[in-house]
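Enquirer: Here it is: the structure, laid out below.
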Amino acid sequence: MIKQMAAVAALIPAMLGVTTATASAHTAHPAPKADAAVVTLTYDASQAGQWAGAISQGAQNWNAAVHNVRLEPATSPGSANFVYVATSGWPQTTLGPIVPGGRRGEVQLGQEAVDEGYAMTRITAHETGHILGLPDDYSGPCSELMSGHGPGPSCTNAKPSAAEAAQVDRNYAGDAAAPAPKRQQIVIDAWPAPALAGAH
């Protein structure tokens with residue numbers, strides 16, 4: 001009996017050591033998360049002309065920031081979930097979240113915003129934020145992409161904030177993305193340059 005108790009007593013520290021080592025290993029190197037379904041949204045930029053580089057960079061910025069949705073060029077224009085179109089007016093966009101199999105969205109990339117001095121990539125990434133379901137927040141700081149023209153033309157930030165990325169991830173979380181609004185809404189973004197103090 002004493003020999004059996006001694007053997008058990010000898011095993012306890014060894015068992016605790018294994019448990020402790022396993023716990024610290026998980027703390028130092030967390031197990032990889034199970035792959036969740038990522039929603040892929042495709043876009044057509046064939047009608048966007050000079051905006052092609054800004055579209056590519058804006059999509060890269062979103063893809064780097066979010067986990068539940070990915071933006072990819074469409075293999076054929078007719079299969080795209082949304083389109084980018086170059087226009088002469090102000091930017092305007094279908095308010096999402098746009099989802100595969102749902103209604104198509106459109107981003108009109110307006111030249112007037114560029115003429116006012118705003119950066120093309122910021123404009124494009126901002127308008128793409130509407131496709132992903134984000135509203136405007138013009139009172140926000142430059143670090144918020146959806147503050148749009150609020151901070152003025154000197155703001156060139158074209159990357160979403162952590163809070164904006166988190167909201168998009170919530171919009172596309174789970175087995176199915178959040179339903180798009182029942183009524184199609186178009187967000188028209190006028191990006192006017194602020195008037196200079198004392199200007200006549």
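Every chain in the structure tokens has a letter given in the order shown (A, B, ...), and although residue numbers restart at 1 in each chain, ligands are simply numbered from 1 in the order shown.
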Residues at most 12 Å from A:Glu127, counting only C-alpha atoms, excluding those fewer than 3 positions away in the same chain, as a ChimeraX atom specification?

Expert: /A:54-55,58-59,62,82-85,90-96,105-110,113,120-124,130-136,145-149,158-160,186-191

Enquirer: For those residues, write C-alpha atoms to a file as a PDB file, in the first residue's frame.

Expert:
```
ATOM      1  CA  ALA A  54      -7.155  53.943 -56.322  1.00  0.00           C
ATOM      2  CA  ILE A  55      -9.708  51.126 -56.515  1.00  0.00           C
ATOM      3  CA  GLY A  58      -8.692  50.864 -51.544  1.00  0.00           C
ATOM      4  CA  ALA A  59      -9.661  47.191 -51.872  1.00  0.00           C
ATOM      5  CA  TRP A  62     -10.105  46.922 -46.715  1.00  0.00           C
ATOM      6  CA  PHE A  82     -20.923  45.915 -57.414  1.00  0.00           C
ATOM      7  CA  VAL A  83     -19.419  48.240 -59.995  1.00  0.00           C
ATOM      8  CA  TYR A  84     -17.202  51.318 -59.907  1.00  0.00           C
ATOM      9  CA  VAL A  85     -18.047  54.012 -62.459  1.00  0.00           C
ATOM     10  CA  TRP A  90     -19.971  64.116 -56.709  1.00  0.00           C
ATOM     11  CA  PRO A  91     -19.261  60.615 -55.464  1.00  0.00           C
ATOM     12  CA  GLN A  92     -22.315  58.542 -54.604  1.00  0.00           C
ATOM     13  CA  THR A  93     -22.797  54.932 -53.612  1.00  0.00           C
ATOM     14  CA  THR A  94     -25.388  52.298 -52.874  1.00  0.00           C
ATOM     15  CA  LEU A  95     -25.548  51.812 -49.108  1.00  0.00           C
ATOM     16  CA  GLY A  96     -24.953  48.187 -48.168  1.00  0.00           C
ATOM     17  CA  GLY A 105     -24.328  47.974 -55.823  1.00  0.00           C
ATOM     18  CA  GLU A 106     -22.772  50.909 -57.648  1.00  0.00           C
ATOM     19  CA  VAL A 107     -19.998  53.283 -56.654  1.00  0.00           C
ATOM     20  CA  GLN A 108     -19.906  56.504 -58.676  1.00  0.00           C
ATOM     21  CA  LEU A 109     -16.461  58.028 -58.325  1.00  0.00           C
ATOM     22  CA  GLY A 110     -17.070  61.702 -58.923  1.00  0.00           C
ATOM     23  CA  ALA A 113     -14.247  65.628 -55.244  1.00  0.00           C
ATOM     24  CA  MET A 120      -8.556  59.558 -54.974  1.00  0.00           C
ATOM     25  CA  THR A 121      -7.679  56.563 -52.813  1.00  0.00           C
ATOM     26  CA  ARG A 122      -9.407  58.065 -49.759  1.00  0.00           C
ATOM     27  CA  ILE A 123     -12.498  58.790 -51.847  1.00  0.00           C
ATOM     28  CA  THR A 124     -12.547  55.267 -53.270  1.00  0.00           C
ATOM     29  CA  HIS A 130     -20.708  52.450 -47.921  1.00  0.00           C
ATOM     30  CA  ILE A 131     -20.904  49.265 -50.021  1.00  0.00           C
ATOM     31  CA  LEU A 132     -19.836  47.373 -46.878  1.00  0.00           C
ATOM     32  CA  GLY A 133     -22.626  49.011 -44.862  1.00  0.00           C
ATOM     33  CA  LEU A 134     -20.960  51.982 -43.164  1.00  0.00           C
ATOM     34  CA  PRO A 135     -22.695  55.377 -42.960  1.00  0.00           C
ATOM     35  CA  ASP A 136     -20.972  58.759 -43.109  1.00  0.00           C
ATOM     36  CA  LEU A 145     -12.227  56.733 -43.138  1.00  0.00           C
ATOM     37  CA  MET A 146     -15.956  57.411 -42.997  1.00  0.00           C
ATOM     38  CA  SER A 147     -15.338  60.998 -41.843  1.00  0.00           C
ATOM     39  CA  GLY A 148     -15.015  61.634 -45.591  1.00  0.00           C
ATOM     40  CA  HIS A 149     -14.618  65.312 -46.383  1.00  0.00           C
ATOM     41  CA  ALA A 158      -7.445  55.750 -46.932  1.00  0.00           C
ATOM     42  CA  LYS A 159      -7.511  53.029 -44.270  1.00  0.00           C
ATOM     43  CA  PRO A 160     -10.465  52.194 -42.035  1.00  0.00           C
ATOM     44  CA  ILE A 186     -27.956  55.967 -52.304  1.00  0.00           C
ATOM     45  CA  VAL A 187     -25.452  57.971 -50.297  1.00  0.00           C
ATOM     46  CA  ILE A 188     -24.401  61.158 -52.076  1.00  0.00           C
ATOM     47  CA  ASP A 189     -21.103  62.503 -50.768  1.00  0.00           C
ATOM     48  CA  ALA A 190     -20.362  66.121 -51.569  1.00  0.00           C
ATOM     49  CA  TRP A 191     -16.693  66.694 -50.774  1.00  0.00           C
TER      50      TRP A 191
END
```

Enquirer: Please provide the set of residues having any atom within 10 Å of A:Pro77, restricted to only C-alpha atoms, with same-chain residues fewer than 4 positions apart removed, written as an NGL selection string.

Expert: :A and (42-47 or 73 or 81-83)

Enquirer: Would you please give, as a short mmCIF file (atom, residue, chain, number, x, y, z; two decimals) with C-alpha atoms, in the first residue's frame, all residues of stretch 26-156 of chain A that DSSP assigns to strand (DSSP E or B) based on the backbone?

Expert:
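Printed below is out_32.cif as written:
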```cif
data_model
loop_
_atom_site.label_atom_id
_atom_site.label_comp_id
_atom_site.auth_asym_id
_atom_site.auth_seq_id
_atom_site.Cartn_x
_atom_site.Cartn_y
_atom_site.Cartn_z
CA VAL A 39 -17.94 36.42 -47.80
CA THR A 40 -16.34 37.28 -51.13
CA LEU A 41 -17.66 40.38 -52.87
CA THR A 42 -16.61 40.91 -56.47
CA TYR A 43 -16.33 44.25 -58.19
CA ASP A 44 -16.13 45.50 -61.77
CA ALA A 45 -13.82 48.47 -62.35
CA SER A 46 -13.98 48.40 -66.16
CA GLN A 47 -15.89 51.71 -66.26
CA VAL A 69 -15.41 39.77 -46.15
CA ARG A 70 -12.97 39.93 -49.04
CA LEU A 71 -13.05 42.22 -52.08
CA GLU A 72 -11.96 40.67 -55.38
CA PRO A 73 -12.10 41.79 -59.03
CA PHE A 82 -20.92 45.92 -57.41
CA VAL A 83 -19.42 48.24 -60.00
CA TYR A 84 -17.20 51.32 -59.91
CA VAL A 85 -18.05 54.01 -62.46
CA ALA A 86 -16.13 57.24 -63.12
CA THR A 87 -18.44 60.29 -63.26
CA GLN A 92 -22.31 58.54 -54.60
CA THR A 93 -22.80 54.93 -53.61
CA THR A 94 -25.39 52.30 -52.87
CA GLY A 105 -24.33 47.97 -55.82
CA GLU A 106 -22.77 50.91 -57.65
CA VAL A 107 -20.00 53.28 -56.65
CA GLN A 108 -19.91 56.50 -58.68
CA LEU A 109 -16.46 58.03 -58.33
CA GLY A 110 -17.07 61.70 -58.92
#
```

Enquirer: Could you work out how far atom CA of A:Asn63 lies from atom CA of A:Gln50, giving the answer in Å with one decimal?

Expert: 21.6 Å

Enquirer: Quick one: residues within 6 Å of stretch 165-176 of chain A, only C-alpha atoms, excluding same-chain residues fewer than 6 positions away - as a ChimeraX atom specification?

Expert: /A:65-66,68

Enquirer: Here is a test: counting only C-alpha atoms, which residue of A:Gln111, A:Pro153, A:Pro100, A:Ser143 is nearest to A:Ala74?

Expert: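 The answer is A:Pro100, which sits nearest to A:Ala74.
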